[in-house]
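*Asks:* You'll find upload-v6.pdb just under this line, and it carries PDB, C-alpha atoms and all ligand atoms.
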MODEL        1
ATOM      1  CA  MET A  10      -6.693  25.309 -34.188  1.00  0.00           C
ATOM      2  CA  ARG A  11      -8.996  23.262 -32.006  1.00  0.00           C
ATOM      3  CA  TRP A  12      -7.240  20.009 -33.008  1.00  0.00           C
ATOM      4  CA  THR A  13      -3.882  21.495 -32.089  1.00  0.00           C
ATOM      5  CA  VAL A  14      -5.208  22.257 -28.632  1.00  0.00           C
ATOM      6  CA  VAL A  15      -6.661  18.774 -28.242  1.00  0.00           C
ATOM      7  CA  LEU A  16      -3.418  17.148 -29.400  1.00  0.00           C
ATOM      8  CA  ALA A  17      -1.344  19.304 -27.084  1.00  0.00           C
ATOM      9  CA  ALA A  18      -3.633  18.418 -24.187  1.00  0.00           C
ATOM     10  CA  LEU A  19      -3.348  14.715 -25.008  1.00  0.00           C
ATOM     11  CA  MET A  20       0.429  14.928 -25.097  1.00  0.00           C
ATOM     12  CA  VAL A  21       0.692  16.901 -21.864  1.00  0.00           C
ATOM     13  CA  SER A  22      -1.969  15.170 -19.775  1.00  0.00           C
ATOM     14  CA  PRO A  23      -0.110  11.941 -18.864  1.00  0.00           C
ATOM     15  CA  ALA A  24       2.720  13.974 -17.334  1.00  0.00           C
ATOM     16  CA  ILE A  25       0.254  16.110 -15.393  1.00  0.00           C
ATOM     17  CA  ALA A  26      -1.611  13.023 -14.279  1.00  0.00           C
ATOM     18  CA  ASN A  27       1.618  11.466 -13.018  1.00  0.00           C
ATOM     19  CA  GLU A  28       2.569  14.623 -11.158  1.00  0.00           C
ATOM     20  CA  GLU A  29      -0.840  14.733  -9.521  1.00  0.00           C
ATOM     21  CA  ARG A  30      -0.589  11.084  -8.546  1.00  0.00           C
ATOM     22  CA  ILE A  31       2.885  11.564  -7.090  1.00  0.00           C
ATOM     23  CA  ALA A  32       1.633  14.585  -5.128  1.00  0.00           C
ATOM     24  CA  ARG A  33      -1.348  12.610  -3.878  1.00  0.00           C
ATOM     25  CA  PHE A  34       0.853   9.761  -2.704  1.00  0.00           C
ATOM     26  CA  ALA A  35       3.304  12.227  -1.131  1.00  0.00           C
ATOM     27  CA  PHE A  36       0.381  13.656   0.862  1.00  0.00           C
ATOM     28  CA  LEU A  37      -0.569  10.153   1.987  1.00  0.00           C
ATOM     29  CA  ALA A  38       3.023   9.366   3.013  1.00  0.00           C
ATOM     30  CA  GLU A  39       3.446  12.694   4.804  1.00  0.00           C
ATOM     31  CA  THR A  40       0.175  12.215   6.681  1.00  0.00           C
ATOM     32  CA  VAL A  41       0.437   8.542   7.548  1.00  0.00           C
ATOM     33  CA  GLY A  42       4.228   8.286   8.032  1.00  0.00           C
ATOM     34  CA  PRO A  43       4.664  10.632  11.023  1.00  0.00           C
ATOM     35  CA  LEU A  44       1.316   9.548  12.510  1.00  0.00           C
ATOM     36  CA  CYS A  45       2.241   5.855  12.399  1.00  0.00           C
ATOM     37  CA  ALA A  46       5.642   6.505  13.963  1.00  0.00           C
ATOM     38  CA  GLN A  47       3.917   7.818  17.111  1.00  0.00           C
ATOM     39  CA  ALA A  48       0.227   6.908  17.278  1.00  0.00           C
ATOM     40  CA  ALA A  49      -1.421   3.623  18.209  1.00  0.00           C
ATOM     41  CA  SER A  50      -1.171   1.080  15.386  1.00  0.00           C
ATOM     42  CA  GLU A  51      -4.994   0.917  15.373  1.00  0.00           C
ATOM     43  CA  VAL A  52      -5.254   4.647  14.624  1.00  0.00           C
ATOM     44  CA  CYS A  53      -2.440   4.451  12.053  1.00  0.00           C
ATOM     45  CA  ALA A  54      -4.063   1.596  10.121  1.00  0.00           C
ATOM     46  CA  GLU A  55      -7.555   3.133  10.239  1.00  0.00           C
ATOM     47  CA  THR A  56      -6.249   6.492   8.977  1.00  0.00           C
ATOM     48  CA  ALA A  57      -4.319   4.849   6.130  1.00  0.00           C
ATOM     49  CA  PHE A  58      -7.378   2.788   5.208  1.00  0.00           C
ATOM     50  CA  VAL A  59      -9.657   5.852   5.036  1.00  0.00           C
ATOM     51  CA  LEU A  60      -7.132   7.754   2.886  1.00  0.00           C
ATOM     52  CA  VAL A  61      -6.673   4.867   0.437  1.00  0.00           C
ATOM     53  CA  ASP A  62     -10.435   4.216   0.240  1.00  0.00           C
ATOM     54  CA  GLU A  63     -11.011   6.844  -2.417  1.00  0.00           C
ATOM     55  CA  ASN A  64     -14.751   6.353  -2.949  1.00  0.00           C
ATOM     56  CA  GLN A  65     -15.260   6.033   0.841  1.00  0.00           C
ATOM     57  CA  ASP A  66     -17.346   2.866   0.745  1.00  0.00           C
ATOM     58  CA  GLU A  67     -15.366   1.399   3.664  1.00  0.00           C
ATOM     59  CA  ALA A  68     -13.744  -1.232   1.466  1.00  0.00           C
ATOM     60  CA  LEU A  69     -10.814  -1.419  -0.913  1.00  0.00           C
ATOM     61  CA  THR A  70     -11.219  -2.846  -4.389  1.00  0.00           C
ATOM     62  CA  LEU A  71      -8.493  -4.363  -6.531  1.00  0.00           C
ATOM     63  CA  GLU A  72      -8.737  -1.203  -8.633  1.00  0.00           C
ATOM     64  CA  GLU A  73      -8.083   1.080  -5.650  1.00  0.00           C
ATOM     65  CA  LEU A  74      -5.150  -1.074  -4.533  1.00  0.00           C
ATOM     66  CA  THR A  75      -3.701  -1.267  -8.060  1.00  0.00           C
ATOM     67  CA  GLU A  76      -3.783   2.509  -8.206  1.00  0.00           C
ATOM     68  CA  LEU A  77      -2.081   2.686  -4.818  1.00  0.00           C
ATOM     69  CA  ARG A  78       0.629   0.262  -5.955  1.00  0.00           C
ATOM     70  CA  ASN A  79       1.232   2.306  -9.121  1.00  0.00           C
ATOM     71  CA  ASP A  80       1.265   5.611  -7.227  1.00  0.00           C
ATOM     72  CA  LEU A  81       3.775   4.152  -4.774  1.00  0.00           C
ATOM     73  CA  ALA A  82       6.066   3.098  -7.636  1.00  0.00           C
ATOM     74  CA  LEU A  83       5.749   6.530  -9.283  1.00  0.00           C
ATOM     75  CA  TRP A  84       6.477   8.286  -5.998  1.00  0.00           C
ATOM     76  CA  LEU A  85       9.477   6.056  -5.346  1.00  0.00           C
ATOM     77  CA  ASN A  86      10.958   6.919  -8.743  1.00  0.00           C
ATOM     78  CA  ALA A  87      10.211  10.644  -8.535  1.00  0.00           C
ATOM     79  CA  ASP A  88      13.305  12.793  -8.165  1.00  0.00           C
ATOM     80  CA  GLU A  89      11.864  14.921  -5.399  1.00  0.00           C
ATOM     81  CA  THR A  90      11.303  11.978  -3.099  1.00  0.00           C
ATOM     82  CA  SER A  91      13.594  12.325  -0.130  1.00  0.00           C
ATOM     83  CA  LEU A  92      13.650   8.810   1.266  1.00  0.00           C
ATOM     84  CA  THR A  93      16.511   7.273   3.215  1.00  0.00           C
ATOM     85  CA  SER A  94      18.116   4.309   1.435  1.00  0.00           C
ATOM     86  CA  THR A  95      16.573   1.952   4.038  1.00  0.00           C
ATOM     87  CA  GLU A  96      13.093   3.336   3.322  1.00  0.00           C
ATOM     88  CA  ALA A  97      13.637   3.130  -0.439  1.00  0.00           C
ATOM     89  CA  ASN A  98      14.924  -0.462  -0.139  1.00  0.00           C
ATOM     90  CA  THR A  99      11.931  -1.474   2.007  1.00  0.00           C
ATOM     91  CA  ILE A 100       9.484  -0.031  -0.535  1.00  0.00           C
ATOM     92  CA  THR A 101      11.359  -1.658  -3.436  1.00  0.00           C
ATOM     93  CA  LEU A 102      11.193  -5.018  -1.643  1.00  0.00           C
ATOM     94  CA  ALA A 103       7.483  -4.538  -0.899  1.00  0.00           C
ATOM     95  CA  LEU A 104       6.780  -3.761  -4.580  1.00  0.00           C
ATOM     96  CA  TRP A 105       8.821  -6.793  -5.622  1.00  0.00           C
ATOM     97  CA  ILE A 106       6.817  -9.045  -3.289  1.00  0.00           C
ATOM     98  CA  ILE A 107       3.500  -7.609  -4.520  1.00  0.00           C
ATOM     99  CA  ASP A 108       4.488  -7.942  -8.190  1.00  0.00           C
ATOM    100  CA  THR A 109       5.991 -11.422  -7.814  1.00  0.00           C
ATOM    101  CA  ILE A 110       2.924 -12.871  -6.076  1.00  0.00           C
ATOM    102  CA  GLY A 111       0.587 -10.675  -8.096  1.00  0.00           C
ATOM    103  CA  LEU A 112      -1.720  -8.079  -6.573  1.00  0.00           C
ATOM    104  CA  ALA A 113      -4.822  -9.972  -7.732  1.00  0.00           C
ATOM    105  CA  THR A 114      -3.623 -13.188  -6.034  1.00  0.00           C
ATOM    106  CA  LEU A 115      -2.838 -11.319  -2.819  1.00  0.00           C
ATOM    107  CA  PHE A 116      -6.205  -9.569  -2.972  1.00  0.00           C
ATOM    108  CA  GLU A 117      -8.010 -12.871  -3.349  1.00  0.00           C
ATOM    109  CA  SER A 118      -6.165 -14.388  -0.385  1.00  0.00           C
ATOM    110  CA  TYR A 119      -7.269 -11.491   1.884  1.00  0.00           C
ATOM    111  CA  ASP A 120     -10.842 -11.345   0.565  1.00  0.00           C
ATOM    112  CA  ALA A 121     -12.164 -13.944   3.008  1.00  0.00           C
ATOM    113  CA  ASP A 122     -15.849 -13.611   2.014  1.00  0.00           C
ATOM    114  CA  ALA A 123     -14.969 -13.317  -1.707  1.00  0.00           C
ATOM    115  CA  ASP A 124     -17.113 -10.234  -2.342  1.00  0.00           C
ATOM    116  CA  ASP A 125     -14.298  -8.529  -4.338  1.00  0.00           C
ATOM    117  CA  ARG A 126     -13.912  -5.922  -1.596  1.00  0.00           C
ATOM    118  CA  LEU A 127     -11.435  -5.857   1.275  1.00  0.00           C
ATOM    119  CA  ASP A 128     -12.854  -4.420   4.449  1.00  0.00           C
ATOM    120  CA  PHE A 129     -10.677  -3.316   7.352  1.00  0.00           C
ATOM    121  CA  ALA A 130     -11.029  -6.612   9.238  1.00  0.00           C
ATOM    122  CA  GLU A 131     -10.023  -8.667   6.193  1.00  0.00           C
ATOM    123  CA  LEU A 132      -7.047  -6.456   5.447  1.00  0.00           C
ATOM    124  CA  THR A 133      -5.739  -6.633   9.011  1.00  0.00           C
ATOM    125  CA  ALA A 134      -6.537 -10.320   9.572  1.00  0.00           C
ATOM    126  CA  ASP A 135      -2.876 -11.278  10.156  1.00  0.00           C
ATOM    127  CA  ILE A 136      -2.006  -8.505  12.569  1.00  0.00           C
ATOM    128  CA  GLU A 137      -3.302  -7.674  16.022  1.00  0.00           C
ATOM    129  CA  LEU A 138      -3.395  -3.897  16.209  1.00  0.00           C
ATOM    130  CA  ASP A 139      -3.318  -2.197  19.581  1.00  0.00           C
ATOM    131  CA  GLU A 140      -2.165   0.899  21.468  1.00  0.00           C
ATOM    132  CA  ARG A 141       1.461   0.467  20.433  1.00  0.00           C
ATOM    133  CA  PRO A 142       2.928   2.111  17.309  1.00  0.00           C
ATOM    134  CA  LEU A 143       3.032  -0.060  14.176  1.00  0.00           C
ATOM    135  CA  GLY A 144       6.850  -0.289  14.245  1.00  0.00           C
ATOM    136  CA  VAL A 145       6.633  -2.022  17.646  1.00  0.00           C
ATOM    137  CA  VAL A 146       3.689  -4.267  16.730  1.00  0.00           C
ATOM    138  CA  VAL A 147       5.312  -5.702  13.575  1.00  0.00           C
ATOM    139  CA  LEU A 148       8.349  -6.780  15.617  1.00  0.00           C
ATOM    140  CA  ASP A 149       6.151  -8.595  18.154  1.00  0.00           C
ATOM    141  CA  SER A 150       5.822 -12.155  16.837  1.00  0.00           C
ATOM    142  CA  ASP A 151       2.723 -12.682  19.031  1.00  0.00           C
ATOM    143  CA  ALA A 152       0.934  -9.848  17.211  1.00  0.00           C
ATOM    144  CA  ILE A 153       1.540 -11.249  13.720  1.00  0.00           C
ATOM    145  CA  ASP A 154      -0.031 -14.438  12.406  1.00  0.00           C
ATOM    146  CA  TRP A 155       3.108 -15.704  10.655  1.00  0.00           C
ATOM    147  CA  PRO A 156       1.672 -19.070   9.534  1.00  0.00           C
ATOM    148  CA  SER A 157      -1.141 -17.214   7.754  1.00  0.00           C
ATOM    149  CA  LEU A 158       1.233 -14.652   6.233  1.00  0.00           C
ATOM    150  CA  ARG A 159       3.577 -17.404   5.051  1.00  0.00           C
ATOM    151  CA  GLU A 160       0.669 -19.067   3.294  1.00  0.00           C
ATOM    152  CA  ARG A 161      -0.179 -15.827   1.461  1.00  0.00           C
ATOM    153  CA  LEU A 162       3.469 -15.373   0.448  1.00  0.00           C
ATOM    154  CA  GLY A 163       3.552 -18.900  -0.946  1.00  0.00           C
ATOM    155  CA  VAL A 164       6.788 -19.761  -2.726  1.00  0.00           C
ATOM    156  CA  LEU A 165       8.330 -16.455  -1.627  1.00  0.00           C
ATOM    157  CA  THR A 166       8.417 -17.670   1.977  1.00  0.00           C
ATOM    158  CA  GLN A 167      11.722 -19.415   1.348  1.00  0.00           C
ATOM    159  CA  ALA A 168      13.225 -16.364  -0.346  1.00  0.00           C
ATOM    160  CA  LEU A 169      12.518 -14.010   2.551  1.00  0.00           C
ATOM    161  CA  PRO A 170      14.090 -13.897   6.026  1.00  0.00           C
ATOM    162  CA  LEU A 171      10.871 -14.428   7.976  1.00  0.00           C
ATOM    163  CA  PRO A 172      10.412 -15.320  11.645  1.00  0.00           C
ATOM    164  CA  GLN A 173       9.035 -18.804  12.355  1.00  0.00           C
TER     165      GLN A 173
HETATM  166 CA    CA B 201     -13.423   1.868  -1.765  1.00  0.00          CA
HETATM  167 CA    CA B 202     -14.404  -9.074   1.358  1.00  0.00          CA
ENDMDL
END
Please express the file's structure as structure tokens.
Ligand SMILES: [Ca+2]
Ligand SMILES: [Ca+2]
*Replies:*
Amino acid sequence: MRWTVVLAALMVSPAIANEERIARFAFLAETVGPLCAQAASEVCAETAFVLVDENQDEALTLEELTELRNDLALWLNADETSLTSTEANTITLALWIIDTIGLATLFESYDADADDRLDFAELTADIELDERPLGVVVLDSDAIDWPSLRERLGVLTQALPLPQ
């Protein structure tokens, strides 16, 4: 009897875990998405950082970011996700870039002091956040350090339509 229960729990738990992870990411998207459309890019980035920093040690580890990447992919593939095709394409492209370069390689390139933790300053090193919403800031070539970003993207630079 007990073994049946344990087996049933083992068989059911991955599905539950996935549902929970999708719900958690949906909460993140629903909180950060509308905020970032309106609020200052500084506030948007700080809020997202705090929400992703699960153990609240003011830094993101490769483990936390791997989980975020996996939750994003799960959420993208979930039936209930109501994204526009542009949003879905942007996320698919972002996942492709992350997976092609490799999350660990990207992590290392941002971890300037090599302590295996990304603090807020390291994570936002290539972007000058200010009072404007993020959507405006990313289109301002003066606010983005494109030479630095191109270096992180490595061989992908040629494959992507990036500003000079
Ligand atoms: Ca953390
Ligand atoms: Ca660091």
*Asks:* Using all atoms listed in the file, pick whichever of A:Val59, A:Ile153, A:Ile136, A:Ala97 has the shortest atom-to-atom distance to ligand CA 201 (chain B).
*Replies:*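 Looking at the shortest contact to ligand CA 201 (chain B), the residue is A:Val59.
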*Asks:* Looking at all atoms listed in the file, which of A:Gln47, A:Gln65, A:Asn86, A:Thr56 is the one that sits closest to ligand CA 201 (chain B)?
*Replies:* A:Gln65
*Asks:* By how many Å are CA of Leu69 (chain A) and CA of Phe116 (chain A) apart?
*Replies:*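 The value is 9.6 Å.
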*Asks:* What is the CA of Cys45 (chain A) to CA of Pro170 (chain A) distance in Å?
*Replies:*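 Answer for the CA of Cys45 (chain A) to CA of Pro170 (chain A) separation: 23.9 Å.
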*Asks:* What do you get as a list in words if you pick all residues at most 7 Å from ligand CA 201 (chain B), counting all atoms listed in the file?
*Replies:*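 The distance check yields Asp62, Glu63, Asn64, Gln65, Asp66, Glu67, Ala68, Leu69, Thr70 and Glu73 of chain A.
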*Asks:* Store the residues of this selection in a file with C-alpha atoms, as an mmCIF file, keeping the file's coordinate frame.
*Replies:*
data_model
loop_
_atom_site.group_PDB
_atom_site.id
_atom_site.type_symbol
_atom_site.label_atom_id
_atom_site.label_comp_id
_atom_site.auth_asym_id
_atom_site.auth_seq_id
_atom_site.Cartn_x
_atom_site.Cartn_y
_atom_site.Cartn_z
ATOM 1 C CA ASP A 62 -10.435 4.216 0.240
ATOM 2 C CA GLU A 63 -11.011 6.844 -2.417
ATOM 3 C CA ASN A 64 -14.751 6.353 -2.949
ATOM 4 C CA GLN A 65 -15.260 6.033 0.841
ATOM 5 C CA ASP A 66 -17.346 2.866 0.745
ATOM 6 C CA GLU A 67 -15.366 1.399 3.664
ATOM 7 C CA ALA A 68 -13.744 -1.232 1.466
ATOM 8 C CA LEU A 69 -10.814 -1.419 -0.913
ATOM 9 C CA THR A 70 -11.219 -2.846 -4.389
ATOM 10 C CA GLU A 73 -8.083 1.080 -5.650
#
*Asks:* List as a list in words the protein and nucleic acid residues lying within 7 Å of ligand CA 202 (chain B), with all atoms listed in the file counted.
*Replies:*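 Here is the list of contacting residues: Asp120, Ala121, Asp122, Ala123, Asp124, Asp125, Arg126, Leu127, Asp128 and Glu131 of chain A.
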*Asks:* One number please: CA of Arg78 (chain A) to CA of Glu55 (chain A), in Å, one decimal.
*Replies:*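 Computed distance, CA of Arg78 (chain A) to CA of Glu55 (chain A), equals 18.4 Å.
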*Asks:* With a distance cut-off of 10 Å and only C-alpha atoms, select the neighbouring residues of Leu83 (chain A), excluding the residue or stretch itself and same-chain residues fewer than 3 positions from it, and output the selection as an MDAnalysis selection string.
*Replies:* chainID A and resid 27:28 30:32 34 77:80 86:88 90
*Asks:* Here is a test: counting all atoms listed in the file, which residue of A:Glu160, A:Val145, A:Ile100, A:Asp135 is nearest to Thr114 (chain A)?
*Replies:* A:Glu160
*Asks:* Which one of A:Asp154, A:Glu140, A:Glu96, A:Asp149 sits closest to Ala48 (chain A) if you count all atoms listed in the file?
*Replies:*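 Among the listed residues, A:Glu140 lies closest to Ala48 (chain A).
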*Asks:* Compare A:Ala57, A:Leu162, A:Leu138, A:Leu44 by their minimum atom-to-atom distance to Tyr119 (chain A), counting all atoms listed in the file, and give me the closest one.
*Replies:*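 Counting all atoms listed in the file, the residue closest to Tyr119 (chain A) is A:Leu162.
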*Asks:* Just so the selection is clear, what residues does the PyMOL selection byres (((chain A and resi 107) around 12) and not hetatm) cover here, as a list in words?
*Replies:*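 What the PyMOL selection byres (((chain A and resi 107) around 12) and not hetatm) grabs from the file is Leu74, Thr75, Leu77, Arg78, Asn79, Leu81, Ala82, Ile100, Thr101, Leu102, Ala103, Leu104, Trp105, Ile106, Asp108, Thr109, Ile110, Gly111, Leu112, Ala113, Thr114, Leu115, Phe116, Arg161, Leu162, Gly163 and Leu165 of chain A.
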*Asks:* For Ala35 (chain A), which of A:Gln167, A:Ser91, A:Ser157, A:Thr99 is the closest residue, counting all atoms listed in the file?
*Replies:*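 Going through A:Gln167, A:Ser91, A:Ser157, A:Thr99 one by one, the smallest distance to Ala35 (chain A) is for A:Ser91.
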